[in-house]
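K.L.:
Please see the structure below; I have some questions.
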Amino acid sequence: MNAPNRPELSQDTELPLMQVRGLTRYFGARPGCIDVSFDVFAGEVLAIVGESGSGKSTLLSLISAQLKPDQGAVHYQMRDGVNRNVLELNEAEQRLLMRTDWGFVHQDPAMGLRMGISAGANIGERLMAIGARHYGDIRSAAQSWLTCVEIEPDRIDDLPKAFSGGMRQRLQFARNLVTQPRLIFMDEPTGGLDVSVQARLLDLLRELAANLGLAVIIVTHDLGVARILSHRILVMRRGRVIEQGLTDQVLDDPQEPYTQLLVSSILQA
Amino acid sequence: MPGDFEKAMVRVENASKTFVMHLQGGTRLPAVAHARFTAVRGECLVLAGPSGIGKSSLLKMIYGNYRCDSGAIHVHHQGRYIDVAQASARMILRLRLETVGYVSQFLRVMPRVSAFDVVCASAKAQGMNDALARTETAELLDRLHLPKRLWNLPPATFSGGEQQRINIARGFISDHPVLLLDEPTASLDAANCAVVVELIAEKKRAGVAMIGVFHDHEMREKIADRVIDVSQFSAREENCG
Amino acid sequence: MIESPHETGYNFAYLDEQTKRMIRRAIMKAIAIPGYQVPFAAREMPMPHGWGTGGVQLTAALLGPEDVLKVIDQGADDTTNAVSIRQFFQKTAGIATTTRTDEASIIQTRHRIPEMPLKAGQILVYQVPIPEPLRFLEPRETETRKMHALEEYGLMHVKLYEDIARHGYIATTYAYPVRVEGRYVMDPSPIPKFDNPKMQMSPALQLFGAGREKRIYAIAPHTRVASLDFDDHPFKINRFDRPCALCGGEGVYLDEVLMDDRGQRMFVCSDTSYCESRRAMGHGPVDASAEPAR
């Protein structure tokens with residue numbers, strides 16, 4: 001006989017920042033993503049894990065409105081408090097969202113940065129895009145964000161080309177964070193980096209997410225990254241979410257055969 | 001006040017857990033069957049029994065780290081009971097933040113965070129201000145005889161005993177009404193064990209309900225208010241019958 | 001009724017009537033949406049790209065038998081490019097030409113706006129090499145068109161930001177981007193930024209033609225044209241610290257001319273017609289000894 005309380009209903013009055021419902025997308029006959037639903041709350045880090053081809057990157061493109069689904073909805077709590085289906089916003093609204101309240105960190109910094117312009121301008125671009133017209137202000141914002149992501153502020157006029165892989169990723173963070181977004185999408189942000197560089201980046205990410213109260217949806221094939229960063233995890237296979245829950249619960253007590261296989265395949269350091 | 005004081009903080013009701021090893025042909029490993037016990041404020045309940053009987057698994061189920069297949073695990077949280085077995089991931093995270101602390105044998109650390117900051121962050125997570133958190137962190141690390149030269153180093157390279165003391169400090173500095181202790185003294189020397197005994201006594205006085213696993217008999221004698229034999233919840237015999 | 005061409009064998013002003021109609025439609029659209037780049041089916045002209053084929057097609061579509069054409073290149077009427085384009089239209093349209101700004105009904109230009117203020121009824125035709133102001137920062141045409149459509153012009157300021165970061169001031173001195181009537185950001189073609197203020201509220205119609213890139217855009221008469229800048233780095237034009245060495249004109253754009261191979265040089269009006277008309281009116285060097293520079 002269970003106690004007659006419904007904790008979720010009584011305390012979880014807070015609305016999700018994003019509600020994903022029934023997202024489905026086929027590429028011809030090949031399923032990219034099938035009937036995916038989940039919520040993301042403010043300040044929460046959600047990891048989407050799975051092998052290449054599992055549909056995790058497709059899912060990321062769908063929820064960030066870069067790819068149109070065959071079916072489904074992505075509801076987002078806009079800054080003005082209104083809940084909108086992102087997929088029904090017009091392109092101008094989607095792009096505005098993407099460069100103000102959202103951020104996107106790519107695995108390849110060349111996709112997320114403008115490699116031919118200075119670090120300061122990379123950071124300032126979003127501000128200028130929303131109308132900042134005071135050079136001095138833009139520059140000091142860029143400097144303080146460089147400091148936040150642990151890049152010496154005197155590198156402000158250097159091109160990203162002159163930066164190491166880890167610095168480029170950190171510059172990507174700064175470029176995204178300058179408009180104080182509430183949700184950041186990340187696609188394998190530590191992929192291709194040395195282990196020590198990865199560790200620093202992960203730590204920085206964790207700190208930033210916690211201090212800024214960011215919601216992060218991070219796609220990774222690295223369960224170690226998911227464990228360190230995320231509160232919750234979605235395991236994808238062949239386009240479907242086969243298991244989801246508390247990160248340490250899913251990793252320490254995996255239920256699905258495939259999740260058990262994934263977890264047992266991790267190299268223990 | 002006394003009634004409130006004796007209120008059950010954790011009520012485990014008929015909780016069962018079986019591991020299904022899909023990679024081994026679906027082998028079923030029963031871990032816990034029909035566990036039933038209660039821990040109240042200000043007591044330290046020790047789970048006993050031979051190793052492999054499911055003591056740690058039970059703690060992990062209470063913490064929400066392992067799923068509970070059936071039954072319920074009610075934890076008193078902010079004036080009401082939350083069933084960990086049914087709670088959402090977010091609810092469990094809130095429980096861990098505000099109600100249930102966990103001290104394990106192993107320290108999982110972030111690569112660059114110093115020992116001091118690991119402990120300090122735990123204090124601040126519940127809203128303690130920075131200055132107080134730092135003072136209390138220093139006091140606790142001192143009490144646990146952690147050499148000052150280690151304070152500002154990340155604990156990844158520490159010895160087992162040093163790491164464990166960080167873990168203990170992190171668990172005891174916070175103000176959780178429920179504390180789960182999974183062999184926290186396994187690799188500690190006598191002096192530090194004695195500190196842990198003191199810390200547990202202080203928590204009892206503060207009304208904290210503790211559920212622990214201690215292999216060391218002497219330790220168990222010193223801290224246990226009650227001992228529960230977990231083999232009575234073991235699923236082994238059920239398996240035969 | 002088309003006048004018979006001066007040189008037989010060609011239609012009036014070289015282009016066939018269908019093509020001219022197509023270009024005029026593009027012009028109408030461009031005037032209706034100031035600053036917007038209208039695609040058009042640019043034809044091959046009997047001159048290489050880079051010699052003003054965009055401007056020439058505009059001029060060909062605009063010319064009537066009564067028009068008086070002036071052609072300048074870097075402000076000068078007597079350079080090869082200007083002379084050959086003028087001769088081209090003399091031959092194919094038989095129209096009158098002039099070097100005087102105030103006499104011309106159509107002025108085709110490369111890299112300058114005449115010093116003499118333009119009047120209502122005049123048309124200034126710019127030759128444009130690269131019409132897309134966002135091109136150097138965003139190479140994808142699909143993306144730049146979207147940026148124009150959605151008024152996403154942050155990138156233009158990124159370019160100016162880079163200038164200030166590198167040089168301490170906005171170092172862009174020509175092809176300086178402008179915002180037209182508060183909407184489209186436009187490349188004014190490689191005119192010096194000195195000329196930018198002349199576009200603002202001009203009573204003349206300004207048309208821009210890019211032959212290779214097949215784009216036409218326009219600034220209708222009396223349209224607001226603002227040069228982009230920052231609040232703390234406002235748009236400024238370069239002032240010359242001396243008058244023209246020939247006519248003594250001040251507040252005009254000067255070219256540096258090398259006098260000999262010992263480094264003797266002087267600064268003279270880039271707008272040759274303006275310079276000549278001033279001299280014809282009796283103006284001369286402010287100080288006869290001023291020509292030799294250090």
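Ligands are numbered from 1 in the order shown, chains are lettered A, B, ... in the order of the structure tokens, and residues start at 1 in each chain.
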Would you list, as JSON, numbers by chain, the residues of range 239-281 of chain C that end up in strand (DSSP E) under DSSP run on this structure's backbone?
P.N.:
{"C": [254, 255, 256, 257, 258, 265, 266, 267, 268, 269]}
K.L.:
Residues of chain A within 6 Å of chain B, using only C-alpha atoms, as a PyMOL selection string?
P.N.:
chain A and resi 199+245-246+249+253+257
K.L.:
Residues as selected, C-alpha atoms, written as a tab-separated table (two decimals), in the first residue's frame, can you do that?
P.N.:
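Resulting contents of selection.tsv:
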```
chain	number	residue	atom	x	y	z
A	199	ALA	CA	38.76	17.36	-19.20
A	245	GLY	CA	16.26	8.63	-17.02
A	246	LEU	CA	18.60	9.90	-14.39
A	249	GLN	CA	20.73	5.39	-12.87
A	253	ASP	CA	21.66	0.18	-13.66
A	257	PRO	CA	20.20	-4.91	-23.61
```
K.L.:
With a distance cut-off of 8 Å and only C-alpha atoms, select the neighbouring residues of range 136-144 of chain B, excluding the residue or stretch itself and same-chain residues fewer than 6 positions from it, and output the selection as a ChimeraX atom specification.
P.N.:
/B:116,119-120,123,165-166,169,173,192,195
K.L.:
Can those selected residues be exported to a file as a PDB file, in the first residue's frame so that it contains C-alpha atoms?
P.N.:
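And here is the file that came out, out17.pdb:
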```pdb
ATOM      1  CA  PHE B 116      38.931  21.965  -0.981  1.00  0.00           C
ATOM      2  CA  VAL B 119      33.968  19.855  -0.265  1.00  0.00           C
ATOM      3  CA  CYS B 120      33.154  23.535  -0.319  1.00  0.00           C
ATOM      4  CA  ALA B 123      28.319  22.938   1.419  1.00  0.00           C
ATOM      5  CA  ARG B 165      38.343  11.506   3.550  1.00  0.00           C
ATOM      6  CA  ILE B 166      37.386  14.007   0.867  1.00  0.00           C
ATOM      7  CA  ALA B 169      33.970  15.602   4.273  1.00  0.00           C
ATOM      8  CA  ILE B 173      29.495  18.982   5.545  1.00  0.00           C
ATOM      9  CA  ASN B 192      40.282   8.899  11.146  1.00  0.00           C
ATOM     10  CA  VAL B 195      36.698  11.122  13.661  1.00  0.00           C
TER      11      VAL B 195
END
```
K.L.:
Taking only range 2-241 of chain B into account, list the residues labelled helix (DSSP H, G or I) by DSSP (computed from the backbone), as a ChimeraX atom specification.
P.N.:
/B:2-5,22-24,55-63,89-98,115-125,130-143,148-151,155-157,160-173,190-205,217-223,230-233,236-240
K.L.:
Generate a file of the selected residues that holds C-alpha atoms, formatted as a compact mmCIF listing (two decimals), in the first residue's frame.
P.N.:
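The resulting file, again_12.txt, is shown below:
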```txt
# COMPACT_ATOMS: atom_id res chain seq x y z
CA PRO B 2 9.31 14.24 20.33
CA GLY B 3 6.75 12.81 17.92
CA ASP B 4 8.17 14.82 15.10
CA PHE B 5 11.64 13.79 16.17
CA HIS B 22 21.14 -9.21 -21.14
CA LEU B 23 24.70 -9.71 -22.27
CA GLN B 24 24.75 -13.04 -20.48
CA LYS B 55 23.50 -4.17 1.26
CA SER B 56 25.05 -1.68 -1.13
CA SER B 57 22.31 -2.28 -3.65
CA LEU B 58 19.74 -1.31 -1.05
CA LEU B 59 21.54 1.94 -0.32
CA LYS B 60 21.73 2.67 -4.03
CA MET B 61 18.02 1.99 -4.39
CA ILE B 62 17.27 4.47 -1.63
CA TYR B 63 19.53 6.99 -3.33
CA ALA B 89 14.54 11.97 -12.39
CA ARG B 90 14.13 15.61 -11.46
CA MET B 91 12.49 14.73 -8.17
CA ILE B 92 15.33 12.38 -7.33
CA LEU B 93 17.83 15.12 -8.09
CA ARG B 94 15.95 17.43 -5.77
CA LEU B 95 15.92 14.74 -3.08
CA ARG B 96 19.66 14.39 -3.42
CA LEU B 97 20.15 18.10 -3.20
CA GLU B 98 17.95 18.72 -0.19
CA ALA B 115 39.89 18.84 -2.87
CA PHE B 116 38.93 21.97 -0.98
CA ASP B 117 36.51 23.08 -3.66
CA VAL B 118 34.92 19.64 -3.92
CA VAL B 119 33.97 19.85 -0.27
CA CYS B 120 33.15 23.53 -0.32
CA ALA B 121 30.86 23.13 -3.32
CA SER B 122 28.91 20.50 -1.44
CA ALA B 123 28.32 22.94 1.42
CA LYS B 124 27.34 25.73 -0.95
CA ALA B 125 25.00 23.51 -2.95
CA ASP B 130 30.81 31.25 0.66
CA ALA B 131 32.65 32.46 3.76
CA LEU B 132 30.95 30.02 6.09
CA ALA B 133 31.38 27.17 3.62
CA ARG B 134 35.09 27.87 3.43
CA THR B 135 35.49 27.99 7.19
CA GLU B 136 33.60 24.77 7.70
CA THR B 137 35.47 23.05 4.88
CA ALA B 138 38.80 23.98 6.43
CA GLU B 139 37.67 22.78 9.86
CA LEU B 140 36.45 19.47 8.55
CA LEU B 141 39.51 18.76 6.42
CA ASP B 142 41.63 19.57 9.46
CA ARG B 143 39.63 17.24 11.62
CA LYS B 148 47.06 21.24 3.95
CA ARG B 149 49.36 20.80 0.98
CA LEU B 150 46.70 18.60 -0.61
CA TRP B 151 43.83 21.03 -0.19
CA PRO B 155 41.94 14.59 -5.58
CA ALA B 156 42.37 12.38 -8.65
CA THR B 157 45.96 11.56 -7.71
CA GLY B 160 42.55 5.72 -1.44
CA GLY B 161 42.43 6.89 2.15
CA GLU B 162 42.88 10.54 1.23
CA GLN B 163 40.17 10.34 -1.40
CA GLN B 164 37.87 8.69 1.07
CA ARG B 165 38.34 11.51 3.55
CA ILE B 166 37.39 14.01 0.87
CA ASN B 167 34.31 11.93 0.28
CA ILE B 168 33.45 11.88 3.96
CA ALA B 169 33.97 15.60 4.27
CA ARG B 170 31.81 16.20 1.26
CA GLY B 171 29.04 14.00 2.65
CA PHE B 172 29.11 15.28 6.21
CA ILE B 173 29.50 18.98 5.54
CA ALA B 190 42.11 4.25 13.45
CA ALA B 191 42.48 7.96 14.07
CA ASN B 192 40.28 8.90 11.15
CA CYS B 193 37.78 6.16 11.96
CA ALA B 194 37.45 7.80 15.35
CA VAL B 195 36.70 11.12 13.66
CA VAL B 196 34.00 9.47 11.59
CA VAL B 197 32.47 8.01 14.76
CA GLU B 198 32.35 11.54 16.17
CA LEU B 199 30.86 12.93 12.99
CA ILE B 200 28.16 10.28 13.01
CA ALA B 201 27.38 11.03 16.64
CA GLU B 202 27.04 14.72 15.79
CA LYS B 203 24.68 13.93 12.96
CA LYS B 204 22.58 11.80 15.28
CA ARG B 205 22.31 14.68 17.69
CA HIS B 217 32.77 -4.84 13.57
CA GLU B 218 34.37 -2.41 15.93
CA MET B 219 33.09 0.51 13.91
CA ARG B 220 29.64 -1.01 13.76
CA GLU B 221 29.55 -1.43 17.54
CA LYS B 222 30.40 2.20 18.06
CA ILE B 223 27.84 3.73 15.77
CA VAL B 230 19.85 -7.98 5.09
CA SER B 231 20.04 -11.70 4.39
CA GLN B 232 16.39 -11.90 5.45
CA PHE B 233 15.60 -9.84 2.31
CA ARG B 236 18.43 -16.44 -2.92
CA GLU B 237 16.08 -18.82 -1.13
CA GLU B 238 13.10 -17.46 -3.01
CA ASN B 239 14.94 -18.40 -6.15
CA CYS B 240 15.22 -22.05 -5.01
```
K.L.:
So that I can check the surroundings of range 24-32 of chain C, please list as an mmCIF file with C-alpha atoms, in the first residue's frame every protein, DNA and RNA residue that reaches within 7 Å of it, counting only C-alpha atoms and ignoring chain neighbours fewer than 6 positions away.
P.N.:
```cif
data_model
loop_
_atom_site.group_PDB
_atom_site.id
_atom_site.type_symbol
_atom_site.label_atom_id
_atom_site.label_comp_id
_atom_site.auth_asym_id
_atom_site.auth_seq_id
_atom_site.Cartn_x
_atom_site.Cartn_y
_atom_site.Cartn_z
ATOM 1 C CA VAL C 38 17.352 42.593 -58.636
ATOM 2 C CA PHE C 40 18.549 40.267 -64.480
ATOM 3 C CA ALA C 61 18.282 50.447 -71.783
ATOM 4 C CA ILE C 216 20.728 45.709 -60.828
ATOM 5 C CA TYR C 217 19.934 47.908 -57.857
ATOM 6 C CA ALA C 218 18.861 51.476 -57.397
ATOM 7 C CA ILE C 219 18.493 54.467 -55.149
ATOM 8 C CA ALA C 220 15.382 56.406 -56.055
#
```
K.L.:
Please return, as a list in words, all residues of chain A lying within 7 Å of chain C when only C-alpha atoms are considered.
P.N.:
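Result, ordered by chain then number: Ala92, Ala121, Glu125, Met128, Ala129, Arg133, His134, Tyr135 and Asp157 of chain A.
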K.L.:
Which polymer residues have any atom within 10 Å of an atom of Leu62 in chain C, counting only C-alpha atoms, with same-chain residues fewer than 2 positions away left out, as a ChimeraX atom specification?
P.N.:
/C:13,20-21,23-24,27,56-60,64,67,106,123,125
K.L.:
Which residue, C:Leu207, C:Glu66, C:Leu15, C:Met116, has the smallest gap to Ala96 in chain C when you use only C-alpha atoms?
P.N.:
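Of all the options, C:Glu66 lies closest to Ala96 in chain C.
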K.L.:
Could you work out how far CA of Leu254 in chain C lies from CA of Gln127 in chain C, giving the answer in Å with one decimal?
P.N.:
20.7 Å
K.L.:
Near Ile48 in chain A, counting only C-alpha atoms, which residues have an atom at most 9 Å away, once you skip same-chain residues fewer than 4 positions from it, shown as a list in words?
P.N.:
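So, after excluding close chain neighbours, the residues are Lys56, Ser57, Leu59, Leu60, Ile217, Ile218, Val219, Thr220, His221, Ala226, Arg232, Ile233, Leu234, Val235 and Met236 of chain A.
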K.L.:
I need the chosen residues saved as a short mmCIF file (atom, residue, chain, number, x, y, z; two decimals), in the first residue's frame, with N, CA and C atoms.
P.N.:
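Output contents, as saved in again26.cif:
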```
data_model
loop_
_atom_site.label_atom_id
_atom_site.label_comp_id
_atom_site.auth_asym_id
_atom_site.auth_seq_id
_atom_site.Cartn_x
_atom_site.Cartn_y
_atom_site.Cartn_z
N LYS A 56 20.96 10.43 -33.13
CA LYS A 56 21.09 11.50 -32.14
C LYS A 56 21.37 12.85 -32.79
N SER A 57 22.17 12.85 -33.83
CA SER A 57 22.43 14.13 -34.50
C SER A 57 21.20 14.61 -35.27
N LEU A 59 18.19 14.07 -34.36
CA LEU A 59 17.31 14.61 -33.32
C LEU A 59 17.73 16.03 -32.96
N LEU A 60 19.03 16.24 -32.84
CA LEU A 60 19.52 17.58 -32.49
C LEU A 60 19.14 18.59 -33.58
N ILE A 217 21.46 20.70 -24.15
CA ILE A 217 21.17 19.40 -24.76
C ILE A 217 22.42 19.00 -25.52
N ILE A 218 23.06 17.96 -25.04
CA ILE A 218 24.36 17.61 -25.59
C ILE A 218 24.30 16.23 -26.22
N VAL A 219 24.74 16.17 -27.45
CA VAL A 219 24.82 14.90 -28.16
C VAL A 219 26.24 14.38 -28.02
N THR A 220 26.38 13.16 -27.57
CA THR A 220 27.72 12.60 -27.44
C THR A 220 27.66 11.09 -27.56
N HIS A 221 28.75 10.51 -28.04
CA HIS A 221 28.81 9.06 -28.02
C HIS A 221 29.63 8.60 -26.82
N ALA A 226 28.82 12.18 -20.84
CA ALA A 226 27.43 12.24 -20.38
C ALA A 226 27.37 12.15 -18.86
N ARG A 232 20.30 14.16 -16.87
CA ARG A 232 19.48 13.09 -17.43
C ARG A 232 20.06 12.66 -18.77
N ILE A 233 19.64 11.47 -19.19
CA ILE A 233 20.24 10.90 -20.38
C ILE A 233 19.15 10.24 -21.22
N LEU A 234 19.30 10.35 -22.54
CA LEU A 234 18.44 9.61 -23.46
C LEU A 234 19.35 8.68 -24.24
N VAL A 235 19.01 7.40 -24.29
CA VAL A 235 19.80 6.47 -25.08
C VAL A 235 19.05 6.20 -26.37
N MET A 236 19.73 6.45 -27.49
CA MET A 236 19.07 6.25 -28.78
C MET A 236 19.65 5.07 -29.53
#
```
K.L.:
Could you pull the residues within 8 Å of Arg175 in chain A, counting only C-alpha atoms, minus those fewer than 6 positions along the same chain, as a PyMOL selection string?
P.N.:
chain A and resi 113+122-126
K.L.:
Go ahead and dump the residues you just picked, C-alpha atoms, as an mmCIF file, in the first residue's frame.
P.N.:
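What landed in again_17.cif:
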```
data_model
loop_
_atom_site.group_PDB
_atom_site.id
_atom_site.type_symbol
_atom_site.label_atom_id
_atom_site.label_comp_id
_atom_site.auth_asym_id
_atom_site.auth_seq_id
_atom_site.Cartn_x
_atom_site.Cartn_y
_atom_site.Cartn_z
ATOM 1 C CA LEU A 113 33.151 30.149 -35.743
ATOM 2 C CA ASN A 122 33.376 36.279 -33.304
ATOM 3 C CA ILE A 123 32.003 36.994 -29.864
ATOM 4 C CA GLY A 124 30.620 40.406 -30.775
ATOM 5 C CA GLU A 125 28.762 39.202 -33.850
ATOM 6 C CA ARG A 126 25.645 38.135 -31.995
#
```
K.L.:
At what distance in Å, to one decimal, does CA of Ala226 in chain C lie from CA of Val178 in chain C?
P.N.:
5.3 Å
